[in-house]
Amino acid sequence: MSSNIEYRWLVYCIEEAIDVGVWSATGPTQCPNIHGDRSIETSRTRVVDSRNMKKNFFKIYPQVKTIVSKDYYLTASFDFLGSDNIGTIYSIYVLALSEGVGSNFDIRIYNPSSAPSTSVIAEKTGLNNSTIALINMGTIANVPTDRTTLEVQVKRTTGSKKIGIREITVYYGPELS
Ligand SMILES: [Zn+2]
């Protein structure tokens, strides 16, 4: 979070056999589109543009603080005012943990009113930290332009421990001219 600069990346998605564009401070490690095999041809990743974002944030506190569901379960919903109104979302961080050693969990930021192909805004899988950790949700995609209710969803993929969600921070802002 040391810079307000973010970049327009083109990554080559092997399964889709196309270049896919995404804005991110750091280079994507997988295709921003959600589908079966999101592997990219890393040698073809390149930067095509950059922008200087005004750094604002808001915090969300979960309505459901512990999750045991093996399917994605709503922990928090929030009112995002839309990228046309307040600027895009450029990163999301979640404070979360497995409350005990031995459970894996996934987190995603989800738009329930979007078509399935564009409903996932960010997703982090295979988490297993048993002490509180600040989880960078990684590449942001499919940010709604209009005011939209978005969801933070969590699922436990293995084990029997509760998954605890403490806080979500959303960084957003317009491009600086
Ligand atoms: Zn793809």
# chains A, B, ... in the order shown; residues from 1 in each chain; ligands from 1

call {"tool": "residues_near_ligand", "arguments": {"ligand": "ligand 1", "cutoff": "7 Å", "atoms": "only C-alpha atoms and all ligand atoms", "output": "ChimeraX atom specification"}}
result
/A:13-16,20,31-35,38

call {"tool": "closest_atom_pairs", "arguments": {"of": "range 92-174 of chain A", "to": "range 60-63 of chain A", "cutoff": "7 Å", "atoms": "only C-alpha atoms", "output": "CSV"}}
result
residue,atom,partner,partner_atom,distance
A:Ile165,CA,A:Pro62,CA,6.7
A:Arg166,CA,A:Tyr61,CA,6.6
A:Glu167,CA,A:Tyr61,CA,4.9
A:Ile168,CA,A:Ile60,CA,5.0
A:Thr169,CA,A:Ile60,CA,6.4

call {"tool": "write_last_selection", "arguments": {"atoms": "C-alpha atoms", "output": "PDB file, in the first residue's frame"}}
result
ATOM      1  CA  ILE A 165     -14.026 -12.904  10.059  1.00  0.00           C
ATOM      2  CA  ARG A 166     -13.118  -9.709  11.918  1.00  0.00           C
ATOM      3  CA  GLU A 167     -12.980  -6.803   9.481  1.00  0.00           C
ATOM      4  CA  ILE A 168     -12.991  -5.955   5.789  1.00  0.00           C
ATOM      5  CA  THR A 169     -11.250  -2.886   4.335  1.00  0.00           C
TER       6      THR A 169
END

call {"tool": "residues_around", "arguments": {"residues": "Tyr72 in chain A", "least_positions_apart": "6", "cutoff": "9 Å", "atoms": "only C-alpha atoms", "output": "list in words"}}
result
Asp106, Ile107, Arg108, Gln153, Val154, Lys155 and Arg156 of chain A

call {"tool": "write_last_selection", "arguments": {"atoms": "N, CA and C atoms", "output": "PDB file, in the first residue's frame"}}
result
ATOM      1  N   ASP A 106     -11.898 -20.370   2.111  1.00  0.00           N
ATOM      2  CA  ASP A 106     -11.865 -19.490   0.947  1.00  0.00           C
ATOM      3  C   ASP A 106     -12.704 -18.243   1.256  1.00  0.00           C
ATOM      4  N   ILE A 107     -12.331 -17.131   0.643  1.00  0.00           N
ATOM      5  CA  ILE A 107     -13.090 -15.877   0.781  1.00  0.00           C
ATOM      6  C   ILE A 107     -13.313 -15.312  -0.616  1.00  0.00           C
ATOM      7  N   ARG A 108     -14.497 -14.786  -0.860  1.00  0.00           N
ATOM      8  CA  ARG A 108     -14.688 -14.049  -2.117  1.00  0.00           C
ATOM      9  C   ARG A 108     -15.554 -12.818  -1.891  1.00  0.00           C
ATOM     10  N   GLN A 153     -18.255 -13.320   1.150  1.00  0.00           N
ATOM     11  CA  GLN A 153     -18.682 -14.691   1.403  1.00  0.00           C
ATOM     12  C   GLN A 153     -17.466 -15.534   1.805  1.00  0.00           C
ATOM     13  N   VAL A 154     -17.731 -16.498   2.683  1.00  0.00           N
ATOM     14  CA  VAL A 154     -16.664 -17.353   3.200  1.00  0.00           C
ATOM     15  C   VAL A 154     -17.152 -18.795   3.206  1.00  0.00           C
ATOM     16  N   LYS A 155     -16.247 -19.728   2.925  1.00  0.00           N
ATOM     17  CA  LYS A 155     -16.577 -21.148   3.112  1.00  0.00           C
ATOM     18  C   LYS A 155     -15.389 -21.876   3.710  1.00  0.00           C
ATOM     19  N   ARG A 156     -15.702 -22.907   4.501  1.00  0.00           N
ATOM     20  CA  ARG A 156     -14.679 -23.789   5.061  1.00  0.00           C
ATOM     21  C   ARG A 156     -14.555 -24.985   4.135  1.00  0.00           C
TER      22      ARG A 156
END

call {"tool": "residues_around", "arguments": {"residues": "Ala17 in chain A", "least_positions_apart": "5", "cutoff": "10 Å", "atoms": "only C-alpha atoms", "output": "list of chain:residue names"}}
result
A:Tyr12, A:Ile40, A:Glu41

call {"tool": "write_last_selection", "arguments": {"atoms": "C-alpha atoms", "output": "PDB file, in the first residue's frame"}}
result
ATOM      1  CA  TYR A  12      -2.683 -14.460 -21.538  1.00  0.00           C
ATOM      2  CA  ILE A  40      -1.841 -17.839 -17.413  1.00  0.00           C
ATOM      3  CA  GLU A  41       1.169 -17.875 -19.707  1.00  0.00           C
TER       4      GLU A  41
END

call {"tool": "select_by_dssp", "arguments": {"residues": "chain A", "states": "strand (DSSP E)", "output": "PyMOL selection string"}}
result
chain A and resi 5-13+18-24+46-52+56-60+66-67+73-80+88-98+104-110+120-127+133-136+148-158+163-173

call {"tool": "closest_residue", "arguments": {"among": "A:Leu150, A:Ala115, A:Val22, A:Met137", "to": "Leu95 in chain A", "atoms": "only C-alpha atoms"}}
result
A:Met137

call {"tool": "closest_atom_pairs", "arguments": {"of": "range 98-143 of chain A", "to": "range 80-92 of chain A", "cutoff": "9 Å", "atoms": "only C-alpha atoms", "output": "Markdown table"}}
result
| residue | atom | partner | partner_atom | distance |
| --- | --- | --- | --- | --- |
| A:Ile109 | CA | A:Ile92 | CA | 8.7 |
| A:Ala122 | CA | A:Ile92 | CA | 8.2 |
| A:Ile135 | CA | A:Ile92 | CA | 8.4 |
| A:Asn136 | CA | A:Ile92 | CA | 6.3 |
| A:Met137 | CA | A:Ile92 | CA | 5.5 |
| A:Gly138 | CA | A:Ser91 | CA | 6.9 |
| A:Thr139 | CA | A:Ser91 | CA | 7.4 |
| A:Ile140 | CA | A:Tyr90 | CA | 6.3 |
| A:Ala141 | CA | A:Ile89 | CA | 8.7 |
| A:Val143 | CA | A:Thr88 | CA | 6.7 |

call {"tool": "write_last_selection", "arguments": {"atoms": "N, CA and C atoms", "output": "mmCIF file, in the first residue's frame"}}
result
data_model
loop_
_atom_site.group_PDB
_atom_site.id
_atom_site.type_symbol
_atom_site.label_atom_id
_atom_site.label_comp_id
_atom_site.auth_asym_id
_atom_site.auth_seq_id
_atom_site.Cartn_x
_atom_site.Cartn_y
_atom_site.Cartn_z
ATOM 1 N N ILE A 109 -15.344 -11.827 -2.747
ATOM 2 C CA ILE A 109 -16.184 -10.637 -2.816
ATOM 3 C C ILE A 109 -17.092 -10.839 -4.010
ATOM 4 N N ALA A 122 -13.379 -10.516 -6.383
ATOM 5 C CA ALA A 122 -12.070 -10.995 -5.923
ATOM 6 C C ALA A 122 -12.293 -12.316 -5.204
ATOM 7 N N ILE A 135 -5.480 -10.461 5.048
ATOM 8 C CA ILE A 135 -5.462 -11.190 3.783
ATOM 9 C C ILE A 135 -5.743 -10.220 2.640
ATOM 10 N N ASN A 136 -4.770 -10.101 1.744
ATOM 11 C CA ASN A 136 -4.952 -9.289 0.543
ATOM 12 C C ASN A 136 -5.767 -10.102 -0.452
ATOM 13 N N MET A 137 -6.928 -9.577 -0.827
ATOM 14 C CA MET A 137 -7.810 -10.341 -1.711
ATOM 15 C C MET A 137 -7.311 -10.388 -3.149
ATOM 16 N N GLY A 138 -6.231 -9.699 -3.439
ATOM 17 C CA GLY A 138 -5.595 -9.849 -4.744
ATOM 18 C C GLY A 138 -6.302 -9.067 -5.845
ATOM 19 N N THR A 139 -6.213 -9.612 -7.031
ATOM 20 C CA THR A 139 -6.725 -8.917 -8.211
ATOM 21 C C THR A 139 -8.216 -8.613 -8.085
ATOM 22 N N ILE A 140 -8.573 -7.361 -8.394
ATOM 23 C CA ILE A 140 -9.967 -6.916 -8.373
ATOM 24 C C ILE A 140 -10.487 -6.875 -9.807
ATOM 25 N N ALA A 141 -11.674 -7.441 -10.031
ATOM 26 C CA ALA A 141 -12.268 -7.452 -11.374
ATOM 27 C C ALA A 141 -13.766 -7.197 -11.260
ATOM 28 N N VAL A 143 -15.775 -4.637 -11.247
ATOM 29 C CA VAL A 143 -16.305 -3.636 -10.313
ATOM 30 C C VAL A 143 -17.543 -2.977 -10.933
#

call {"tool": "residues_around", "arguments": {"residues": "Ser130 in chain A", "least_positions_apart": "2", "cutoff": "6 Å", "atoms": "only C-alpha atoms", "output": "list of chain:residue names"}}
result
A:Leu97, A:Ser98, A:Glu99, A:Gly100, A:Val101

call {"tool": "write_last_selection", "arguments": {"atoms": "N, CA and C atoms", "output": "compact mmCIF listing (two decimals), in the first residue's frame"}}
result
# COMPACT_ATOMS: atom_id res chain seq x y z
N LEU A 97 -9.31 -15.68 10.17
CA LEU A 97 -8.51 -16.81 10.66
C LEU A 97 -9.37 -18.06 10.78
N SER A 98 -8.69 -19.21 10.76
CA SER A 98 -9.28 -20.45 11.23
C SER A 98 -9.08 -20.49 12.74
N GLU A 99 -10.19 -20.64 13.48
CA GLU A 99 -10.11 -20.56 14.94
C GLU A 99 -9.63 -21.90 15.50
N GLY A 100 -8.37 -22.21 15.22
CA GLY A 100 -7.76 -23.49 15.55
C GLY A 100 -7.05 -24.01 14.32
N VAL A 101 -6.04 -24.86 14.55
CA VAL A 101 -5.25 -25.40 13.44
C VAL A 101 -6.05 -26.48 12.73

call {"tool": "atom_distance", "arguments": {"atom1": "CA of Trp23 in chain A", "atom2": "CA of Val47 in chain A"}}
result
9.6 Å

call {"tool": "residues_around", "arguments": {"residues": "Thr26 in chain A", "least_positions_apart": "6", "cutoff": "10 Å", "atoms": "only C-alpha atoms", "output": "ChimeraX atom specification"}}
result
/A:5-9,138-139

call {"tool": "atom_distance", "arguments": {"atom1": "CA of Asp71 in chain A", "atom2": "CA of Pro28 in chain A"}}
result
25.7 Å
